[in-house]
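Before any comments, here is the structure.
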Amino acid sequence: MQALVQVIAKITKLGWFEVLKDQLIFRDIIADVKKFLQGTVDHYIIGVMILSELTQEMNLVDYSRPSAKHRKIATSFRDTSLKDILMLACSLLKELLAKSLNLQDQRQQSLAMHLLKLVLNCLNFDFIGNSADESADDLCTVQIPTNWRTIFLEPETLDLFFDLYHSLPPMLSQLALSCLVQFASTRRSLFSNPERAKYLGNLIKGVKQILENPQGLSDPGNYHEFCRFLARLKTNYQLGELVMVKDYPEIIRLIANFTITSLQHWEFAPNSVHYLLTLWQRMVASVPFVKTAEPHLLDTYAPEITKAYITSRLESVPVVIRDGLEDPLDDTATVFQQLEQLCTVSRCEYEKTCALLVQLFDQNAQNYQKLLHSSVRNPLEITVQEGCLAWLVYFVGTVVGGRLTYTSTDEHDAMDGELSCRVFQLISLMDAQLPQSSNEKVELAILWFLDQFRKTYVGDQLQRTSKVYARMSEVLGITDDNHVLETFMTKIVTNLKYRGRCEPVISRTLQFLNDLSVGYILLKKLVKIEAVKFMLQNHTSKHFPFLGISDNYSLSDLRCRTTFYTALTRLLMVDLGEDEDEFENFMLPLTVSFESVTRMFNSSFEQEEAKRMLIGLARDLRGIAFALNTKTSYTMLFDWIYPAYLSVLQRAIELWYREPACTTPILKLMAEFMQNRSQRLNFDVSSPNGILLFREASKMICTYGNQILSLGTLSKDQVYPLKLKGISICYSALKSALCGNYVSFGVFKLYGDNHFDNVLQAFVKMLLSVSHSDLLQYRKLSQAYYPLLECLTQDHMSFITSLEPHVLIYILTSISEGLTALDTIVSSSCCASLDYIVTYLFKHIAKEGKKTLRCRAMSQDGQRLLHFMQQNPEVLQQMMSILMNTIIFEDCRNQWSVSRPLLGLILLNEKYFSELRATLIASQPDNKHEVLDQCFRNLMEGVEQNLLVKNRDRFTQNMSVFRRDMAEALRNEGASDPSNLDMMS
């Protein structure tokens with residue numbers, strides 16, 4: 001039955017504009033369905049199922065068809081039928097409720113379920129065509145059409161769904177709540193101010209009824225939808241409007257009690273808590289903007305909400321540890337999200353929250369110290385106390401970070417100092433136990449706190465007189481942000497020294513170090529700190545075990561080394577200048593490692609050890625290369641690595657090309673070397689370094705390309721990690737080299753050097769081994785290939801024209817398919833590549849009339865390409881069809897890019913353009929022919945037939961007007977898309 005219903009819905013959608021004997025025959029779907037509603041309950045169910053499926057189908061974008069065509073059908077359905085369907089569903093629900101539902105009757109339950117789903121589909125309709133991501137709950141305004149106002153202004157509409165919630169079993173009542181969520185999200189502009197106040201009053205009245213009879217909320221589905229409902233109320237209504245509602249004090253009390261109870265049952269429906277915290281976060285954030293005299297009472301309830309969250313999480317710790325339950329702290333993404341919501345709520349009546357945290361922190365810290373100094377250590381009790389301390393550190397970091405989201409005073413800053421003292425003291429206590437014991441959760445919480453403190457109180461804009469340092473100065477001797485930075489760096493060095501086996505802590509520590517190293521003023525302060533000087537002089541595995549190559553570390557753990565060396569090199573760069581000796585000293589640990597690998601390669605060696613060393617070195621060097629953004633510093637690195645150490649990397653690619661864990665870091669390092677960021681590859685005029693660097697890259701790409709193609713056919717799950725990922729990195733490196741403006745590629749041919757030709761041939765070989773579907777399916781591959789192709793067509797058309805016909809066909813087909821890609825980077829690069837090809841052809845044809853010997857010699861390459869296009873005219877014709885289809889029937893997000901190649905295609909294929917034009921006009925109703933013909937005449941107005949470059953800007957302007965006029969002309973009900981233009985079908 002469901003399959004038949006889907007067929008009916010699809011046929012109705014596809015035939016929505018079909019005309020038979022002057023009738024739009026598929027528009028009678030509602031009248032047809034009403035015939036079912038005169039039969040049995042089963043007939044009712046079938047009819048409702050058809051309407052529900054049709055509404056859903058109309059809202060569903062089919063990406064295999066033009067989105068503009070879908071939008072036109074959906075808009076017509078919305079304007080002609082959707083309101084009638086909603087009214088029909090509501091009237092049937094009223095009838096069902098009036099007959100006193102028999103909840104034991106499965107048919108009646110089924111009918112109620114399908115009717116509620118139908119209403120929900122109507123309210124979930126994409127009314128304005130923004131195709132919003134349904135998983136994103138932030139985009140939660142429902143753009144109800146203005147002609148639906150009467151439905152929403154009737155109080156009976158909301159009452160119906162509240163009554164259904166109270167009358168139906170949980171499986172169905174949650175659907176009623178889902179409908180109410182959408183009703184609560186109705187756009188504000190649908191009502192006048194008095195109407196909106198009345199509508200909000202009816203919503204709040206229903207909330208009060210639910211909270212006074214909360215039995216149904218014990219069902220997880222109902223509970224979740226009700227939490228969403230509460231969040232939407234604040235999203236769509238201002239606090240000033242809410243406080244004016246009748247019985248607001250009672251309502252806010254009920255909602256607060258409900259929230260507190262929910263937070264106390266931390267193990268029940270944790271995902272729903274997000275919506276409750278969203279409600280309170282937005283309520284508290286709105287307090288400064290409330291203009292009414294009515295009390296909002298948030299200063300009473302917000303501290304209670306904060307207290308409930310804090311105490312409930314602390315109470316969960318012993319339960320989780322003793323019963324072996326899933327620890328909420330392990331889900332860091334959820335924890336961080338909730339804490340970011342809580343930070344705003346916690347700053348309301350901050351004195352109460354601060355006093356609570358001080359009391360709890362002191363109590364737990366004292367208990368923890370007693371356990372540590374006890375003669376009989378109880379590991380379970382220590383773990384419980386550490387879990388509580390982890391939560392408390394998170395809370396302190398949260399409230400300190402909340403200073404940026406809420407109005408603060410000097411007294412609040414002093415309170416932040418009071419709390420921060422305790423965390424800094426805990427850091428000393430925890431570090432004193434090293435290396436014997438360490439708790440990962442406490443360490444991660446401390447790093448969260450340090451990062452929040454950095455964002456709030458350390459930075460270029462900070463006023464040195466901040467009261468946060470008053471108490472910290474008394475207790476810890478920390479008087480300003482310079483002392484705080486010393487504490488930060490000491491903690492970072494301690495973590496890197498003693499927690500090398502704990503990847504999460506190391507990774508978060510290095511991210512914190514990286515964040516600190518961004519910003520010149522902070523860097524100037526950091527380089528004066530002894531801990532930083534120590535790191536710059538001692539970055540070896542002896543001092544920082546995570547830099548080691550032990551088998552105890554997985555290869556993925558080595559990734560954090562790139563972050564480490566990026567931050568470290570930024571610190572080095574502050575005072576480096578042109579001091580080559582200091583740079584050599586900094587690179588000494590890497591020099592020793594490279595020399596070790598070189599000796600290994602020159603004798604029989606343990607491959608696994610050499611492989612690990614090289615992976616680590618490649619990641620280290622990539623971090624260093626990323627941070628070196630000046631000509632002087634980059635040249636130092638190049639002189640250090642070339643030629644000896646680059647040959648080691650070449651050898652590694654030859655040996656371990658089958659192992660992406662090894663080849664990927666090396667290829668990414670080479671891609672980073674080729675990147676001319678900030679014009680750093682600006683070598684001296686007498687230096688051959690640019691050419692030497694390109695030759696090394698050419699060798700590596702050719703080696704990898706030839707070796708990887710020897711793997712043969714790979715399975716679907718292996719093709720990307722073993723082959724396509726490496727190819728995409730090679731393409732990125734080659735694109736950086738071609739567009740970097742530091743190599744004169746004509747030199748290679750002039751002196752008989754084949755490295756440039758070799759790398760281009762390697763590009764072709766790798767490309768032909770990839771299917772067109774894979775090119776577009778794998779985003780990183782497509783975003784590497786298409787910009788590279790753009791570079792080749794811009795500056796190396798002689799190479800493009802020299803390709804074999806089957807290669808040219810492959811490349812042009814890839815451009816054709818990429819023109820319709822959803823990724824704007826891909827489609828824009830395709831347009832640019834096509835424009836360069838078309839321009840090259842056009843210029844060649846223009847030169848054909850010139851008979852000088854020099855022009856003939858120059859035109860040999862163009863002759864080859866022209867001959868190919870004459871043999872395969874359908875290639876450019878198809879691309880013209882796609883571009884015309886895009887500008888007429890699609891959204892066309894990159895209109896300027898599309899216009900550039902389209903003009904050349906039209907001028908090269910005037911006859912085919914005339915055919916397309918005639919076909920489109922003929923496919924439309926007779927009364928539209930003259931208007932459409934005028935649109936096409938306007939498109940080419942002022943465009944001279946034999947000039948391409950000078951006409952481009954005029955054509956682009958014409959095309960903008962053309963799109964607008966065509967959209968207006970085709971907007972009527974009868975206009976349809978011509979099948980021969982609809983290439984994507």
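Ordering of the structure tokens sets the chain letters (A, B, ...), residue numbers begin anew at 1 in every chain, and ligands are numbered from 1 in the order given.
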Residues near Leu86 (chain A), anyone? I mean within 8 Å using only C-alpha atoms, not counting same-chain ones fewer than 4 positions away, as a PyMOL selection string. chain A and resi 82+90+118-119+122
Name the residues in contact with Ser833 (chain A) at a cut-off of 7 Å, using only C-alpha atoms, excluding same-chain residues fewer than 6 positions from it; report them as a ChimeraX atom specification. /A:789-790,793
Next, the residues of the selection above should be written as a JSON list (two decimals), in the first residue's frame with N, CA, C and O atoms.
[["chain", "number", "residue", "atom", "x", "y", "z"],
["A", 789, "LEU", "N", 43.20, 22.11, -13.31],
["A", 789, "LEU", "CA", 42.84, 22.19, -14.72],
["A", 789, "LEU", "C", 42.67, 23.65, -15.15],
["A", 789, "LEU", "O", 43.05, 24.03, -16.28],
["A", 790, "GLU", "N", 42.15, 24.47, -14.25],
["A", 790, "GLU", "CA", 42.01, 25.90, -14.55],
["A", 790, "GLU", "C", 43.39, 26.52, -14.80],
["A", 790, "GLU", "O", 43.56, 27.32, -15.74],
["A", 793, "THR", "N", 44.71, 25.32, -18.30],
["A", 793, "THR", "CA", 44.06, 25.95, -19.45],
["A", 793, "THR", "C", 44.38, 27.44, -19.53],
["A", 793, "THR", "O", 44.34, 28.03, -20.61]]
At a cut-off of 12 Å, using only C-alpha atoms, what residues contact Ser262 (chain A)? Leave out same-chain residues fewer than 3 positions from it and give the result as an MDAnalysis selection string. chainID A and resid 217:218 220 223:224 226:227 255:259 265:277 305 308:309 312
Write the residues of the selection above to a file with C-alpha atoms, as a short mmCIF file (atom, residue, chain, number, x, y, z; two decimals), in the first residue's frame.
data_model
loop_
_atom_site.label_atom_id
_atom_site.label_comp_id
_atom_site.auth_asym_id
_atom_site.auth_seq_id
_atom_site.Cartn_x
_atom_site.Cartn_y
_atom_site.Cartn_z
CA LEU A 217 6.02 13.82 29.80
CA SER A 218 7.33 10.59 31.29
CA PRO A 220 10.81 10.18 26.13
CA TYR A 223 9.41 14.94 26.73
CA HIS A 224 11.77 15.66 23.84
CA PHE A 226 7.92 19.45 24.71
CA CYS A 227 11.49 20.64 25.34
CA ILE A 255 8.97 25.87 33.58
CA ALA A 256 11.80 26.39 36.10
CA ASN A 257 10.63 23.47 38.24
CA PHE A 258 10.33 21.31 35.13
CA THR A 259 13.86 22.27 34.08
CA HIS A 265 17.47 13.19 36.20
CA TRP A 266 20.70 13.53 34.17
CA GLU A 267 20.47 10.01 32.78
CA PHE A 268 17.01 10.58 31.22
CA ALA A 269 16.85 11.90 27.61
CA PRO A 270 20.17 13.84 27.75
CA ASN A 271 19.72 15.17 24.18
CA SER A 272 16.59 17.03 25.22
CA VAL A 273 18.45 19.08 27.83
CA HIS A 274 19.96 21.09 24.97
CA TYR A 275 16.58 22.70 24.27
CA LEU A 276 15.90 23.56 27.90
CA LEU A 277 19.31 25.20 28.24
CA ILE A 305 18.83 26.34 37.10
CA ALA A 308 20.57 22.18 39.56
CA TYR A 309 22.92 21.56 36.61
CA SER A 312 23.25 17.00 39.38
#
Which residue is closest to Leu558 (chain A)? Choose from A:Cys662, A:Met415, A:Val345, A:Leu792 and count only C-alpha atoms.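 Among the listed residues, A:Cys662 lies closest to Leu558 (chain A).
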Considering only alpha helix (DSSP H) as DSSP defines it on the backbone, what residues of region 632-828 of chain A qualify? List them as a PyMOL selection string. chain A and resi 632-641+644-655+660-673+689-709+716-719+725-738+746-750+755-768+772-777+779-795+797-801+805-818+824-828
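The shortest atom-to-atom distance to Gln337 (chain A), with only C-alpha atoms taken into account, belongs to A:Thr278 out of A:Gln359, A:Thr630, A:Thr278, A:Ser897.
When the distance limit is 7 Å and only C-alpha atoms are what count, the residues near region 48-64 of chain A, minus those fewer than 3 positions from it on the same chain, are Val5, Gln6, Ala9, Lys10, Lys13, Tyr44, Ile45, Ser67, His70, Ala74, His114, Leu115, Lys117, Leu118, Asn121, Cys122, Phe125, Asp126, Met984 and Ser985 of chain A.
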Mind dumping the selected residues with C-alpha atoms as a PDB file, in the first residue's frame?
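This is the output file selection_36.pdb:
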ATOM      1  CA  VAL A   5       0.868   5.684  -2.438  1.00  0.00           C
ATOM      2  CA  GLN A   6       4.449   6.729  -3.298  1.00  0.00           C
ATOM      3  CA  ALA A   9       2.598  11.012  -5.272  1.00  0.00           C
ATOM      4  CA  LYS A  10       5.532  10.873  -7.708  1.00  0.00           C
ATOM      5  CA  LYS A  13       4.437  15.722  -8.887  1.00  0.00           C
ATOM      6  CA  TYR A  44     -10.001   7.310   5.005  1.00  0.00           C
ATOM      7  CA  ILE A  45      -6.512   6.061   5.878  1.00  0.00           C
ATOM      8  CA  SER A  67      16.206  22.524  -8.701  1.00  0.00           C
ATOM      9  CA  HIS A  70      11.288  21.407  -8.559  1.00  0.00           C
ATOM     10  CA  ALA A  74       6.519  23.106  -5.220  1.00  0.00           C
ATOM     11  CA  HIS A 114      -1.612   9.620   9.418  1.00  0.00           C
ATOM     12  CA  LEU A 115      -3.693  12.773   9.922  1.00  0.00           C
ATOM     13  CA  LYS A 117       1.701  13.303   9.985  1.00  0.00           C
ATOM     14  CA  LEU A 118      -0.195  15.083   7.209  1.00  0.00           C
ATOM     15  CA  ASN A 121       4.168  17.658   6.582  1.00  0.00           C
ATOM     16  CA  CYS A 122       2.094  20.738   5.735  1.00  0.00           C
ATOM     17  CA  PHE A 125       6.841  22.575   3.991  1.00  0.00           C
ATOM     18  CA  ASP A 126       9.703  24.662   2.570  1.00  0.00           C
ATOM     19  CA  MET A 984      20.565  16.866 -16.332  1.00  0.00           C
ATOM     20  CA  SER A 985      17.529  14.688 -16.878  1.00  0.00           C
TER      21      SER A 985
END
Using only C-alpha atoms, which of A:Lys34, A:Arg228, A:His543, A:His806 sits nearest Leu496 (chain A)?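 Checking each of A:Lys34, A:Arg228, A:His543, A:His806 against Leu496 (chain A), counting only C-alpha atoms, the winner is A:His543.
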Hey, what's within 9 Å of Gly387 (chain A) if we count only C-alpha atoms and toss same-chain stuff fewer than 3 positions away? As a ChimeraX atom specification, please? /A:314,317-318,321,329,382-384,390-392,439,441-442
Go ahead and save the picked residues with all heavy atoms, as an mmCIF file, in the first residue's frame.
data_model
loop_
_atom_site.group_PDB
_atom_site.id
_atom_site.type_symbol
_atom_site.label_atom_id
_atom_site.label_comp_id
_atom_site.auth_asym_id
_atom_site.auth_seq_id
_atom_site.Cartn_x
_atom_site.Cartn_y
_atom_site.Cartn_z
ATOM 1 N N LEU A 314 27.605 16.664 39.608
ATOM 2 C CA LEU A 314 28.480 16.151 40.667
ATOM 3 C C LEU A 314 27.904 14.879 41.287
ATOM 4 O O LEU A 314 28.649 13.937 41.595
ATOM 5 C CB LEU A 314 28.665 17.221 41.750
ATOM 6 C CG LEU A 314 29.433 18.483 41.329
ATOM 7 C CD1 LEU A 314 29.515 19.467 42.485
ATOM 8 C CD2 LEU A 314 30.828 18.134 40.846
ATOM 9 N N VAL A 317 28.617 11.517 39.395
ATOM 10 C CA VAL A 317 29.962 10.922 39.327
ATOM 11 C C VAL A 317 30.058 9.596 40.075
ATOM 12 O O VAL A 317 30.471 8.582 39.495
ATOM 13 C CB VAL A 317 31.022 11.929 39.829
ATOM 14 C CG1 VAL A 317 32.399 11.253 39.895
ATOM 15 C CG2 VAL A 317 31.076 13.140 38.917
ATOM 16 N N PRO A 318 29.698 9.527 41.380
ATOM 17 C CA PRO A 318 29.802 8.230 42.066
ATOM 18 C C PRO A 318 28.925 7.151 41.451
ATOM 19 O O PRO A 318 29.317 5.978 41.413
ATOM 20 C CB PRO A 318 29.370 8.555 43.506
ATOM 21 C CG PRO A 318 28.668 9.864 43.452
ATOM 22 C CD PRO A 318 29.249 10.595 42.297
ATOM 23 N N ILE A 321 30.714 5.849 38.234
ATOM 24 C CA ILE A 321 31.928 5.067 38.500
ATOM 25 C C ILE A 321 31.602 3.737 39.167
ATOM 26 O O ILE A 321 32.115 2.685 38.779
ATOM 27 C CB ILE A 321 32.901 5.899 39.357
ATOM 28 C CG1 ILE A 321 33.434 7.074 38.515
ATOM 29 C CG2 ILE A 321 34.057 5.040 39.870
ATOM 30 C CD1 ILE A 321 34.265 8.071 39.284
ATOM 31 N N LEU A 329 31.045 12.807 30.844
ATOM 32 C CA LEU A 329 32.266 13.554 30.534
ATOM 33 C C LEU A 329 32.981 13.026 29.298
ATOM 34 O O LEU A 329 33.774 13.744 28.687
ATOM 35 C CB LEU A 329 33.234 13.502 31.726
ATOM 36 C CG LEU A 329 33.027 14.547 32.825
ATOM 37 C CD1 LEU A 329 34.002 14.309 33.956
ATOM 38 C CD2 LEU A 329 33.148 15.958 32.298
ATOM 39 N N ILE A 382 39.269 8.035 45.311
ATOM 40 C CA ILE A 382 40.089 9.047 44.637
ATOM 41 C C ILE A 382 39.545 9.337 43.241
ATOM 42 O O ILE A 382 39.440 10.495 42.811
ATOM 43 C CB ILE A 382 41.563 8.573 44.563
ATOM 44 C CG1 ILE A 382 42.183 8.601 45.961
ATOM 45 C CG2 ILE A 382 42.365 9.441 43.608
ATOM 46 C CD1 ILE A 382 43.600 8.065 46.017
ATOM 47 N N THR A 383 39.144 8.267 42.538
ATOM 48 C CA THR A 383 38.591 8.441 41.185
ATOM 49 C C THR A 383 37.303 9.256 41.222
ATOM 50 O O THR A 383 37.061 10.115 40.354
ATOM 51 C CB THR A 383 38.325 7.069 40.536
ATOM 52 O OG1 THR A 383 39.527 6.309 40.546
ATOM 53 C CG2 THR A 383 37.846 7.228 39.095
ATOM 54 N N VAL A 384 36.461 8.999 42.252
ATOM 55 C CA VAL A 384 35.213 9.754 42.388
ATOM 56 C C VAL A 384 35.517 11.240 42.613
ATOM 57 O O VAL A 384 34.923 12.124 41.971
ATOM 58 C CB VAL A 384 34.359 9.197 43.541
ATOM 59 C CG1 VAL A 384 33.188 10.149 43.848
ATOM 60 C CG2 VAL A 384 33.824 7.819 43.189
ATOM 61 N N ALA A 390 36.911 17.364 38.115
ATOM 62 C CA ALA A 390 36.885 17.630 36.668
ATOM 63 C C ALA A 390 35.661 18.460 36.306
ATOM 64 O O ALA A 390 35.751 19.459 35.574
ATOM 65 C CB ALA A 390 36.898 16.313 35.888
ATOM 66 N N TRP A 391 34.500 18.050 36.815
ATOM 67 C CA TRP A 391 33.286 18.818 36.549
ATOM 68 C C TRP A 391 33.402 20.243 37.080
ATOM 69 O O TRP A 391 33.027 21.214 36.406
ATOM 70 C CB TRP A 391 32.076 18.134 37.185
ATOM 71 C CG TRP A 391 31.419 17.076 36.348
ATOM 72 C CD1 TRP A 391 31.386 15.741 36.583
ATOM 73 C CD2 TRP A 391 30.699 17.282 35.131
ATOM 74 N NE1 TRP A 391 30.691 15.093 35.592
ATOM 75 C CE2 TRP A 391 30.249 16.005 34.689
ATOM 76 C CE3 TRP A 391 30.383 18.398 34.364
ATOM 77 C CZ2 TRP A 391 29.505 15.841 33.516
ATOM 78 C CZ3 TRP A 391 29.650 18.234 33.200
ATOM 79 C CH2 TRP A 391 29.221 16.960 32.791
ATOM 80 N N LEU A 392 33.946 20.391 38.303
ATOM 81 C CA LEU A 392 34.033 21.728 38.906
ATOM 82 C C LEU A 392 34.965 22.632 38.111
ATOM 83 O O LEU A 392 34.701 23.832 37.961
ATOM 84 C CB LEU A 392 34.510 21.598 40.361
ATOM 85 C CG LEU A 392 33.429 21.099 41.339
ATOM 86 C CD1 LEU A 392 34.042 20.670 42.655
ATOM 87 C CD2 LEU A 392 32.376 22.185 41.575
ATOM 88 N N ASN A 439 45.196 12.061 35.985
ATOM 89 C CA ASN A 439 43.810 11.781 35.615
ATOM 90 C C ASN A 439 43.478 12.542 34.339
ATOM 91 O O ASN A 439 43.502 13.777 34.305
ATOM 92 C CB ASN A 439 42.863 12.190 36.743
ATOM 93 C CG ASN A 439 41.425 11.817 36.450
ATOM 94 O OD1 ASN A 439 40.757 12.464 35.647
ATOM 95 N ND2 ASN A 439 40.950 10.761 37.082
ATOM 96 N N LYS A 441 40.694 13.055 32.685
ATOM 97 C CA LYS A 441 39.505 13.916 32.657
ATOM 98 C C LYS A 441 39.771 15.251 33.361
ATOM 99 O O LYS A 441 39.305 16.305 32.915
ATOM 100 C CB LYS A 441 38.327 13.187 33.290
ATOM 101 C CG LYS A 441 37.828 12.041 32.420
ATOM 102 C CD LYS A 441 36.800 11.185 33.094
ATOM 103 C CE LYS A 441 36.433 10.008 32.173
ATOM 104 N NZ LYS A 441 35.557 9.044 32.821
ATOM 105 N N VAL A 442 40.526 15.202 34.456
ATOM 106 C CA VAL A 442 40.861 16.442 35.146
ATOM 107 C C VAL A 442 41.762 17.306 34.263
ATOM 108 O O VAL A 442 41.577 18.523 34.167
ATOM 109 C CB VAL A 442 41.551 16.148 36.492
ATOM 110 C CG1 VAL A 442 41.977 17.460 37.162
ATOM 111 C CG2 VAL A 442 40.626 15.376 37.415
#
I'd like the contact shell of Cys730 (chain A) - 9 Å cut-off, only C-alpha atoms, skipping same-chain residues fewer than 5 positions apart - returned as a PyMOL selection string. chain A and resi 667-668+670-671+697+700-701+704-705+725+735+763+784
Got a sec: who's within 12 Å of Ser914 (chain A), counting only C-alpha atoms, leaving out chain neighbours fewer than 4 positions off, as a PyMOL selection string? chain A and resi 877+880-881+906-910+918-921+933+936-937+940
Coordinates-based distance that separates CA of Ser814 (chain A) from CA of Gly862 (chain A) (Å, one decimal): 21.1 Å
From the set A:Ser408, A:His166, A:Lys497, A:Asp84, which residue has the shortest atom-to-atom contact distance to Trp148 (chain A), counting only C-alpha atoms?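 Between A:Ser408, A:His166, A:Lys497, A:Asp84, the residue approaching Trp148 (chain A) most closely is A:Asp84.
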If you measure from CA of Glu294 (chain A) to CA of Glu351 (chain A), what distance in Å do you get, rounded to one decimal?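 Value for the CA of Glu294 (chain A)-CA of Glu351 (chain A) distance: 23.5 Å.
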Rounded to one decimal, what separation in Å do you get between CA of Thr703 (chain A) and CA of Gln650 (chain A)?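 So the two atoms, CA of Thr703 (chain A) and CA of Gln650 (chain A), lie 8.0 Å apart.
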